[in-house]
Every structure is written in C-alpha cells, then in structure tokens.
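Down below is the structure, laid out as structure tokens.
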Amino acid sequence: MTRTKLLAVTAAALLALSACGGDDADDSTDASDDTSATAQAFTPPDLKALTELGEPEGELNIVAWAGYAEDGTTDPSVDWVTPFEEETGCEVNVKTAPTSDDMVSLMKTGQYDVVSASGDASLRLIASGDVEPVNLDLVPNYVDVFDALKMQPWNSVAGVAYGIPHGRGANLLMYRTDEVSPAPDSWGAVFDDASTYSGNVTAYDSPIYIADAALYLMATQPDLGIKNPYALDDKQFTAAVDLLKAQNEHIGEYWSDYTKEIQAFKNGDSVIGTTWQIIVNLAQLDKAKVDAVLPSEGATGWSDTWMVSAKSEHKTCAYLWMDHIISPTANAQVAEWFGEAPANEKACAETADKSHCDTFHAADEAYFDQVWYWTTPITQCLDGRTDVQCKDYGDWTTAWQEIKG
Amino acid sequence: MSGQDPRQPSPRRRLSGVLHRHPLLRLALLLVAPMVVLVVVYLGALAMLLVSAFWTTDDFTGEVVREPTLDNIRAIVTSGTYRTVTLRTIGVAAAVTVICAVLAFPIALFMAKVVSLRTRRVLVVLLLTPLWASYLVKAFAWRAMLAGDGVVNWALDPVGLSGPGFGLTATVIVLTYLWLPFMVLPIYAGLERLPDSMLEASSDLGAKAGRTVRSVVLPLAFPAVVAGAIFTFSLSLGDYIAVQIVGGKSQLIGNLIQGNAGAANNLPLAAALAGVPVVIMVVFLLAVRRTGALDNL
C-alpha cells in the first residue's frame with residue numbers, strides 16, 4: 001500500500017471517529033458545532049485563518065523539539081533565531097518539549113503561539129481546536145516546499161491547511177562504538193538480543209515507542225500480520241507489549257530528556273538504544289564514542305508541522321516565524337543541525353554539506369515509504385481493516401505504564 | 001480648634017468602641033483572611049482534585065469529559081501496575097524514613113547533649129548548608145557520582161566492589177541525603193528540651209550510657225522522631241524528580257501522576273492517582289496518633 005493511500009485511509013477513519021464521537025459526548029468539546037454538521041463529520045472547531053498580517057507584536061512563544069529553534073546558546077555558530085529577531089522585532093521564547101504528549105499539553109495552556117507538531121500531535125491539536133487553519137498565502141516560502149509534504153492528512157483536514165511542513169526524518173539506533181561490536185544493523189539488538197547489553201539498553205520514554213516494537217515484529221514475525229505499526233489489534237498489540245516487557249528487564253533507563261541520554265551514553269550507562277540524529281551529533285561533539293544506524297527493518301520517524309495556536313496573541317510574529325523557518329537558509333540550517341530532511345526544496349542548495357539532502361533522502365519518496373511517521377493510533381485501524389478494532393492511544397498510554405512496571 | 005465636636009468621638013474611636021463591645025466581630029475580622037486562604041486555596045484545591053478524579057478525558061482530543069464515573073478509581077484499584085508501584089513507593093518512603101532516623105538520632109544527640117554551645121551552632125549551620133543548594137543540583141550531582149564512570153565506582157573499584165548504579169537503591173540514597181536535615185532538626189529540638197538532670201538521675205541510679213539512651217532519651221525523643229518521620233515520609237512519597245534522575249527505569253507514584261498529568265494529558269486519572277498518597281498519609285498519621293506521639297508534639 002502506498003503512503004498516500006494509507007493516509008487517505010487515516011483521514012477516512014478520522015471522519016468516522018468524529019462522526020460517532022459526536023453523539024455521546026457532544027457537550028465535551030466544540031460548543032460551536034451546529035447540529036446539522038454531524039453527518040458532515042470531521043468538523044474541527046470552526047476557526048478562521050488569519051487574512052492578513054498586521055504589525056509584528058514584538059513577542060513569540062514557541063514550543064519546539066530540541067534543536068528546532070536555536071539561538072546560539074547551544075553552539076554559537078548555530079543560530080537562526082537571532083536573525084529572525086533582528087529582522088522582525090519579535091522576541092522569541094523557546095520551550096523545548098521532550099515528547100508529543102508534552103507538546104499537546106503545552107499547547108492546551110494557550111500560552112504559546114506556534115508549535116512544531118509531529119504527526120502524533122497535529123491531528124489531536126486540530127480536533128481539540130487548539131490550533132487554527134493557516135493562510136498559505138501569508139507564507140511566501142511555502143511554494144518551495146516539496147509537493148509530497150503539502151496538504152497531507154497530518155497537516156490538513158478536508159482541504160484546509162493547518163500548518164507548514166518543517167522537515168522529516170527517521171528514528172535511529174545509537175550505540176557505543178567501543179562497547180558494541182560488531183555494529184548493529186537490526187532493531188533486534190535492543191529486543192531479542194537485548195540481554196547482550198543487559199542493564200545498558202535504553203529506549204524512548206513515550207507510549208509511541210510501542211510502534212518501534214510493532215515495526216520490529218512486522219519484519220520478524222510476519223504471522224502476526226502487522227501492516228502498520230500504529231494499527232494494532234488485540235493480538236498484535238499484546239505481542240508488541242510482551243516484547244517491550246521482555247526488553248524492560250534489560251533496560252538501564254528510559255530517556256525523553258535528550259541531555260540525559262547524551263550523558264548516559266557518554267558515561268557508558270547506556271550503550272545501545274533508540275535516538276535522534278541530533279543526539280548523535282551532540283554526543284559526538286561531546287567526544288562520546290557513539291555512532292548510529294538506520295536498521296534494516298526500517299524505522300519509525302516523524303514529519304513535523306509548524307502550527308499556530310488558536311489562542312495566540314502574536315499571530316503576525318507566528319506567521320513571520322513559519323515563513324522564516326522554512327526559508328531556504330534557515331530550513332537548511334535546522335535540517336543540518338537536527339539531522340533531518342528539509343521541507344524546502346531550495347534548502348538543499350544552502351546546506352554546508354552539499355550532500356546533506358542526498359544523505360537524508362530529502363526528495364526520495366521510496367525511502368520515506370520505509371519510514372513510519374508518528375501517528376496517533378485510533379480505534380479505527382489505520383491500515384484499512386474494518387473487521388477488527390485497533391488499540392487507541394489511551395490503551396497505548398496505559399500499556400506503556402504497565403511495561404515500565 | 002479642629003471644629004469637631006469634642007463630645008462626638010472620631011470615626012476611629014467609634015470603630016474601636018464597636019470592636020470592643022463585640023468580641024465575636026473582632027475574632028471574625030482577625031480570622032477571615034487566613035480562613036479564606038485555607039478554604040479557597042487549600043481545601044478548594046483538594047476538593048477540585050477529589051471531584052476531577054471522577055471525570056474522564058477524551059483519548060483523541062484530550063478534552064476533559066465532565067461526567068461522573070468510577071473508571072479511574074476502578075483502574076487504580078484493579079490494575080496490578082498501580083498496586084506494584086504504590087507498594088514500591090511506600091517501601092522507598094519507609095526505607096528513607098528509617099535510614100534517616102537511624103542516621104539522624106546520633107547526630108542530634110551529639111549536637112544537643114555532647115558539644116559546647118559554640119560548636120552546636122556551627123553544627124546546626126553545617127547541617128543546614130545542603131539546603132542552600134537547589135534540589136536539582138544536588139540530584140544531578142548524585143547522578144554524576146553514581147554514573148558508570150563516577151566517583152562512587154572509582155572509590156569502590158580498588159576493593160573489588162561497584163556502586164549501586166541507577167535504580168531504587170540510588171533513589172533511596174539520594175532521598176535520604178536530601179531529607180536528612182528534616183529529620184535531624186526536629187530530633188535535635190526535641191533532645192534540646194530534655195533536661196540534663198534526667199540524664200544525671202539515670203546515671204545516679206546506676207544506668208550506663210546505653211541504658212540511659214534506651215530507657216530515658218529514646219522514649220522522650222520519640223515524638224520528635226515521629227515529627228521528623230512525617231516530613232521524610234511525606235516528602236519521599238510525593239517525590240518524582242530524584243527517581244527520574246537516578247532511578248534508572250523505576251517509577252514511583254509521583255512519576256505515574258506526572259505521566260498522566262503531563263504526558264498523557266489525563267488529568268482525571270492523575271487526580272485519582274494523587275489520592276493514593278493522600279490516603280497513605282492519612283493512614284500513616286492515624287497510625288502515628290495511636291502511638292500517642294502526636295499528643296506530645
């Protein structure tokens with residue numbers, strides 16, 4: 001199944017979900033819903049996009065992944081926030097969030113203007129009315145974004161854009177080069193063979209990590225019939241959870257704070273486990289003997305979207321920021337720093353390492369078919385099955401606490 | 001001269017007259033501010049916690065659904081995970097409390113009864129110095145010390161041992177370190193009030209030092225130990241940061257609450273979970289009350 005088809009199914013499932021959700025819990029969310037809208041279905045709260053930019057408000061509060069909004073404090077040469085501040089007069093405050101769940105909670109406070117949401121956060125934010133549609137005409141750099149990233153089910157609903165694509169990439173397997181030999185090329189190193197490094201294995205501390213186990217089972221236990229790691233029925237889900245419970249015996253610690261992971265790898269408390277490219281870069285900068293691979297089974301990953309808070313009081317600054325972060329120069333900087341594929345086609349010409357876009361497969365759709373972008377699991381199976389119910393994110397959350405014990 | 005009728009008292013005097021004649025009004029005015037704070041801020045927050053424990057959230061949008069349900073309570077009571085984590089948390093809090101008491105008693109006795117007044121002051125200051133540094137700094141310092149290539153392993157290596165690494169043991173060590181002053185100070189204050197004449201009387205009756213401590217000092221200091229234990233026990237029960245930093249993969253109740261409130265955005269379940277330490281503390285205080293220790297505080 002191609003990715004586009006799959007995502008169409010996702011959208012359809014969401015429509016169905018909100019259609020049945022509307023009946024029993026109508027007092028819960030959108031008071032603005034009119035009764036005739038129930039058949040029309042995925043009705044995100046009726047919010048309007050900005051029609052024109054005003055004067056910059058002088059302030060911008062950002063929720064972002066670590067490394068997405070660098071102002072030179074991490075590394076003096078890594079700075080695309082200061083030029084933005086100088087150009088627009090919008091003073092930027094950055095709040096980094098360790099997981100998508102944290103991003104959703106932070107955006108619910110209404111204290112932030114923009115967020116770099118991954119696919120497992122973006123639709124939840126749209127459905128709850130925490131973010132509003134964006135007016136693409138106000139983001140001039142949008143025309144240069146790769147077509148494959150435009151108007152996708154995780155950044156738009158029913159033809160209405162809710163965000164600006166930022167970039168995408170895959171979660172990697174990091175290991176200590178002096179402790180782990182030969183170099184791993186399979187996720188099996190942290191699952192079936194985890195006992196080799198018992199006590200020094202690490203994993204990402206979020207329910208979404210269950211998908212990593214499902215992805216491994218997809219390759220190693222075809223009998224389970226997993227087609228999409230975010231669409232797990234009872235049996236498949238139990239298998240993934242059991243795999244993670246077995247892995248738990250060998251876990252030294254789980255990580256979500258990236259500085260903690262860098263430290264753990266540097267000290268040798270963790271020697272193998274899942275990571276992001278930026279953590280590898282920072283750890284190597286810190287003289288830790290680490291390297292990372294994309295294992296043969298493929299990987300989970302992300303495709304991120306900048307979104308504007310519906311409650312934002314700094315919307316002009318927010319639009320200026322979204323245009324800035326996907327401008328060829330800034331998008332190239334952030335893509336190289338974070339270690340991901342940029343969203344702007346022209347950014348490929350601006351990277352310091354001219355092969356960056358090739359290394360990270362920026363235009364290689366066949367490659368990204370192997371990468372399973374983070375998505376929120378819902379009861380309607382995302383792989384198109386209609387004869388079973390899949391486990392939703394609530395079940396994933398409960399199971400994750402059980403796995404950690 | 002002021003133009004005011006001297007027989008007509010000024011408003012201030014009239015007010016003070018009214019207050020003088022109505023003692024209840026006086027009391028009400030005095031207590032209304034603190035009572036508002038207590039009822040609205042303190043009890044109000046607790047009541048909100050209690051009420052929201054019976055709500056649920058929509059799994060997809062994360063919005064709170066305000067319909068009363070017992071699902072959260074049922075989940076907590078029936079789930080093996082929550083039971084294990086609760087027992088683990090009580091175990092850690094109890095271990096921290098006992099270790100703190102064992103370490104603190106000799107220190108407090110030494111400070112209160114052995115050294116000169118001058119040295120005593122220096123010791124109190126020394127004891128309080130760890131409180132000057134931030135909690136996080138101390139916890140991360142322990143993380144660095146307990147790490148694979150940290151000081152603890154380096155020191156133990158020559159004798160063929162290795163440190164505990166990150167885990168529950170490390171958590172107990174760090175919490176003990178963090179809360180020790182909260183145990184020493186109450187015991188010290190309690191022992192300081194103990195008249196020296198009692199120790200002399202005990203010795204006059206032929207008791208040796210050990211017997212005096214056992215039969216005279218300990219019973220009299222017990223309420224102070226209990227006061228300290230309430231601090232260390234409740235502080236450990238609610239802690240979730242130290243265990244995140246040095247606890248390796250282990251989680252305590254605080255982590256589950258934080259996970260549900262922050263990460264999973266399920267405030268109702270978090271509220272229900274937050275009730276667990278409250279219940280434990282109530283049971284703990286009732287048990288303490290039965291010993292009679294609270295009467296002497």
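The way I read the labels, and the way they are meant: chains A, B, ... in the order of the structure tokens, residue 1 as the first residue of every chain, and ligand 1 as the first ligand shown, with later ones counted on from there.
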
When you look at Val78 of chain A with a cut-off of 9 Å (counting only C-alpha atoms), what residues show up, excluding the ones that are within fewer than 6 positions of it in the same chain? I need them as an mmCIF file with C-alpha atoms, in the first residue's frame.
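Final file, selection.cif:
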```
data_model
loop_
_atom_site.group_PDB
_atom_site.id
_atom_site.type_symbol
_atom_site.label_atom_id
_atom_site.label_comp_id
_atom_site.auth_asym_id
_atom_site.auth_seq_id
_atom_site.Cartn_x
_atom_site.Cartn_y
_atom_site.Cartn_z
ATOM 1 C CA GLU A 70 18.434 27.536 18.140
ATOM 2 C CA ASP A 71 19.574 30.963 19.274
ATOM 3 C CA GLY A 72 23.280 30.290 19.625
ATOM 4 C CA GLN A 333 20.464 25.235 8.971
ATOM 5 C CA VAL A 334 17.850 23.479 11.066
ATOM 6 C CA TRP A 337 21.684 20.756 12.860
#
```

Non-local contacts of Ala288 of chain A (12 Å; only C-alpha atoms; under 2 positions in same chain excluded) as a PyMOL selection string
chain A and resi 174-179+261-268+270-271+279-286+290-291

What does the file look like for those residues with C-alpha atoms, as a tab-separated table (two decimals), in the first residue's frame?
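Final output, saved to result_12.tsv:
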```tsv
chain	number	residue	atom	x	y	z
A	174	MET	CA	22.61	4.61	18.53
A	175	TYR	CA	25.43	2.55	20.05
A	176	ARG	CA	28.79	2.95	21.77
A	177	THR	CA	31.43	2.12	19.20
A	178	ASP	CA	33.81	0.77	21.86
A	179	GLU	CA	31.26	-1.44	23.63
A	261	GLU	CA	20.59	10.44	27.02
A	262	ILE	CA	23.76	12.17	25.86
A	263	GLN	CA	25.16	11.97	29.40
A	264	ALA	CA	24.17	8.31	29.78
A	265	PHE	CA	25.90	7.34	26.54
A	266	LYS	CA	28.95	9.38	27.43
A	267	ASN	CA	29.27	7.71	30.84
A	268	GLY	CA	28.58	4.27	29.45
A	270	SER	CA	23.63	3.33	28.17
A	271	VAL	CA	25.44	1.61	25.31
A	279	ILE	CA	21.52	13.48	19.85
A	280	VAL	CA	24.19	11.59	17.92
A	281	ASN	CA	25.65	14.87	16.67
A	282	LEU	CA	25.66	16.46	20.13
A	283	ALA	CA	27.11	13.36	21.78
A	284	GLN	CA	29.89	13.19	19.19
A	285	LEU	CA	30.52	16.90	19.74
A	286	ASP	CA	30.84	16.00	23.42
A	290	VAL	CA	28.91	6.81	19.60
A	291	ASP	CA	27.52	6.16	16.17
```

So which residues touch Glu59 of chain A within 7 Å, counting only C-alpha atoms, skipping near sequence neighbours fewer than 4 positions away, as a list in words?
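Surrounding residues, per the criterion: Cys90, Glu91, Val92, His314 and Cys317 of chain A.
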
Just write the chosen residues, C-alpha atoms, as an mmCIF file, in the first residue's frame.
```
data_model
loop_
_atom_site.group_PDB
_atom_site.id
_atom_site.type_symbol
_atom_site.label_atom_id
_atom_site.label_comp_id
_atom_site.auth_asym_id
_atom_site.auth_seq_id
_atom_site.Cartn_x
_atom_site.Cartn_y
_atom_site.Cartn_z
ATOM 1 C CA CYS A 90 9.670 39.573 17.532
ATOM 2 C CA GLU A 91 11.441 38.495 20.697
ATOM 3 C CA VAL A 92 11.491 34.705 20.741
ATOM 4 C CA HIS A 314 1.171 37.137 18.416
ATOM 5 C CA CYS A 317 5.048 37.068 14.551
#
```

Could you please select, counting only C-alpha atoms, the residues of chain B within 10 Å of chain A and state them as a PyMOL selection string?
chain B and resi 57-67+75+79-85+143-144+146-150+165-167+244-252+255-256+259-266

Taking 5 positions as the minimum chain separation for residues in the same chain, which residues sit within 10 Å of Val98 of chain B when counting only C-alpha atoms? Answer as JSON, numbers by chain.
{"B": [92, 93, 103, 104, 176, 229, 232, 233]}

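With atom CA of Met111 of chain B on one side and atom CA of Trp132 of chain B on the other, the separation reads 20.4 Å.
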
List as a list in words the protein and nucleic acid residues near Ser202 of chain B, meaning an atom at most 12 Å away when only C-alpha atoms are counted, but skip any in the same chain fewer than 3 places from it.
Pro195, Asp196, Ser197, Met198, Leu199, Leu205, Gly206, Ala207, Lys208, Ala209, Gly210, Arg211, Thr212, Val213, Arg214, Ser215, Val216 and Val217 of chain B

Please write the residues from the selection above to a file, keeping C-alpha atoms, as a PDB file, in the first residue's frame.
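This went into selection-v8.pdb:
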```pdb
ATOM      1  CA  PRO B 195      16.660  18.378  80.925  1.00  0.00           C
ATOM      2  CA  ASP B 196      20.203  17.268  81.702  1.00  0.00           C
ATOM      3  CA  SER B 197      19.051  16.450  85.214  1.00  0.00           C
ATOM      4  CA  MET B 198      17.181  13.430  83.855  1.00  0.00           C
ATOM      5  CA  LEU B 199      20.348  12.009  82.367  1.00  0.00           C
ATOM      6  CA  LEU B 205      20.544   5.235  89.640  1.00  0.00           C
ATOM      7  CA  GLY B 206      23.345   3.210  88.101  1.00  0.00           C
ATOM      8  CA  ALA B 207      22.371   3.154  84.442  1.00  0.00           C
ATOM      9  CA  LYS B 208      25.187   3.114  81.915  1.00  0.00           C
ATOM     10  CA  ALA B 209      25.115   5.341  78.812  1.00  0.00           C
ATOM     11  CA  GLY B 210      23.434   2.727  76.613  1.00  0.00           C
ATOM     12  CA  ARG B 211      20.721   2.059  79.166  1.00  0.00           C
ATOM     13  CA  THR B 212      20.109   5.785  79.613  1.00  0.00           C
ATOM     14  CA  VAL B 213      19.653   6.283  75.887  1.00  0.00           C
ATOM     15  CA  ARG B 214      17.329   3.282  75.650  1.00  0.00           C
ATOM     16  CA  SER B 215      15.175   3.932  78.703  1.00  0.00           C
ATOM     17  CA  VAL B 216      15.250   7.692  79.089  1.00  0.00           C
ATOM     18  CA  VAL B 217      16.308   9.517  75.923  1.00  0.00           C
TER      19      VAL B 217
END
```

Which residues, written as an mmCIF file with N, CA and C atoms, in the first residue's frame, have at least one atom at most 8 Å from Leu138 of chain A, with only C-alpha atoms counted and residues fewer than 5 positions away on the same chain left out?
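Just written: out36.cif:
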```
data_model
loop_
_atom_site.group_PDB
_atom_site.id
_atom_site.type_symbol
_atom_site.label_atom_id
_atom_site.label_comp_id
_atom_site.auth_asym_id
_atom_site.auth_seq_id
_atom_site.Cartn_x
_atom_site.Cartn_y
_atom_site.Cartn_z
ATOM 1 N N GLU A 52 -4.809 38.689 6.964
ATOM 2 C CA GLU A 52 -3.649 39.492 6.567
ATOM 3 C C GLU A 52 -2.746 39.720 7.767
ATOM 4 N N LEU A 53 -1.491 39.964 7.463
ATOM 5 C CA LEU A 53 -0.533 40.195 8.537
ATOM 6 C C LEU A 53 -0.676 41.619 9.053
ATOM 7 N N TYR A 319 3.323 33.919 11.955
ATOM 8 C CA TYR A 319 3.426 33.708 10.506
ATOM 9 C C TYR A 319 4.814 34.047 10.007
#
```

Name the residues in contact with segment 286-293 of chain B at a cut-off of 9 Å, using only C-alpha atoms, excluding same-chain residues fewer than 6 positions from it; report them as an MDAnalysis selection string.
chainID B and resid 222:224 226:227

Could you pull out the alpha helix (DSSP H) residues of segment 31-225 of chain A from DSSP and send them as a ChimeraX atom specification?
/A:82-88,100-108,119-127,210-220

Can you measure atom CA of Ala335 of chain A to atom CA of Lys289 of chain A for me? One decimal in Å is fine.
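Interatomic distance, atom CA of Ala335 of chain A to atom CA of Lys289 of chain A: 23.1 Å.
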
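Among A:Thr316, A:Gln111, A:Asn141, A:Thr275, the residue with the shortest atom-to-atom distance to Leu50 of chain A, counting only C-alpha atoms, is A:Thr316.
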
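Nearest to Leu273 of chain B of all the residues B:Leu127, B:Cys100, B:Ile73, B:Val32 is B:Ile73, counting only C-alpha atoms.
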
Nearest to Ile241 of chain B among B:Val77, B:Val184, B:Val137, B:Leu19, with distances taken over only C-alpha atoms: which residue is it?
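Residue with the minimum atom-to-atom distance to Ile241 of chain B: B:Val137.
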
Among segment 29-141 of chain A, which residues does DSSP mark as strand (DSSP E or B) when it is run on the backbone? Keep the chain and numbering as in the structure and answer as a list in words.
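Reading the DSSP output for segment 29-141 of chain A, strand (DSSP E or B) covers Glu59, Leu60, Asn61, Ile62, Val63, Ala64, Asp71, Asp79, Glu91, Val92, Asn93, Val94, Lys95, Thr96, Val114, Val115, Ser116, Ala117, Val131 and Glu132 of chain A.
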
Can you spit out the residues from that selection as a short mmCIF file (atom, residue, chain, number, x, y, z; two decimals), in the first residue's frame, using N, CA and C atoms?
```cif
data_model
loop_
_atom_site.label_atom_id
_atom_site.label_comp_id
_atom_site.auth_asym_id
_atom_site.auth_seq_id
_atom_site.Cartn_x
_atom_site.Cartn_y
_atom_site.Cartn_z
N GLU A 59 6.70 39.80 20.18
CA GLU A 59 6.97 38.65 21.03
C GLU A 59 6.47 37.39 20.34
N LEU A 60 7.16 36.26 20.59
CA LEU A 60 6.73 34.99 20.02
C LEU A 60 7.14 33.87 20.96
N ASN A 61 6.16 33.05 21.35
CA ASN A 61 6.45 31.93 22.24
C ASN A 61 6.31 30.62 21.47
N ILE A 62 7.42 29.87 21.44
CA ILE A 62 7.50 28.69 20.59
C ILE A 62 7.57 27.42 21.44
N VAL A 63 6.80 26.40 21.06
CA VAL A 63 7.02 25.05 21.59
C VAL A 63 7.68 24.26 20.47
N ALA A 64 8.85 23.68 20.74
CA ALA A 64 9.57 23.02 19.65
C ALA A 64 10.32 21.82 20.17
N ASP A 71 19.21 29.55 19.25
CA ASP A 71 19.57 30.96 19.27
C ASP A 71 21.05 31.18 19.60
N ASP A 79 22.57 29.36 14.91
CA ASP A 79 21.68 30.44 15.34
C ASP A 79 20.84 30.94 14.17
N GLU A 91 10.53 39.13 19.76
CA GLU A 91 11.44 38.49 20.70
C GLU A 91 10.97 37.06 20.95
N VAL A 92 11.89 36.11 20.74
CA VAL A 92 11.49 34.71 20.74
C VAL A 92 11.78 34.05 22.09
N ASN A 93 10.77 33.35 22.64
CA ASN A 93 10.98 32.49 23.80
C ASN A 93 10.71 31.07 23.37
N VAL A 94 11.69 30.18 23.63
CA VAL A 94 11.55 28.81 23.18
C VAL A 94 11.34 27.88 24.36
N LYS A 95 10.34 27.00 24.24
CA LYS A 95 10.14 25.94 25.22
C LYS A 95 10.32 24.63 24.48
N THR A 96 11.37 23.86 24.83
CA THR A 96 11.53 22.58 24.17
C THR A 96 10.70 21.53 24.91
N VAL A 114 3.27 29.19 18.52
CA VAL A 114 3.47 28.19 17.46
C VAL A 114 4.06 26.93 18.06
N VAL A 115 3.87 25.80 17.34
CA VAL A 115 4.38 24.52 17.81
C VAL A 115 4.87 23.73 16.60
N SER A 116 5.95 22.96 16.80
CA SER A 116 6.45 22.08 15.73
C SER A 116 5.90 20.69 16.01
N ALA A 117 4.67 20.45 15.57
CA ALA A 117 3.98 19.22 15.95
C ALA A 117 4.30 18.07 15.01
N VAL A 131 -5.27 24.50 17.67
CA VAL A 131 -4.59 25.20 16.59
C VAL A 131 -5.62 25.57 15.52
N GLU A 132 -5.31 26.59 14.74
CA GLU A 132 -6.27 27.06 13.74
C GLU A 132 -5.71 26.88 12.33
#
```

One decimal, Å: what's the distance from atom CA of Ala97 of chain A over to atom CA of Trp65 of chain A, could you say?
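Computed distance, atom CA of Ala97 of chain A to atom CA of Trp65 of chain A, equals 5.7 Å.
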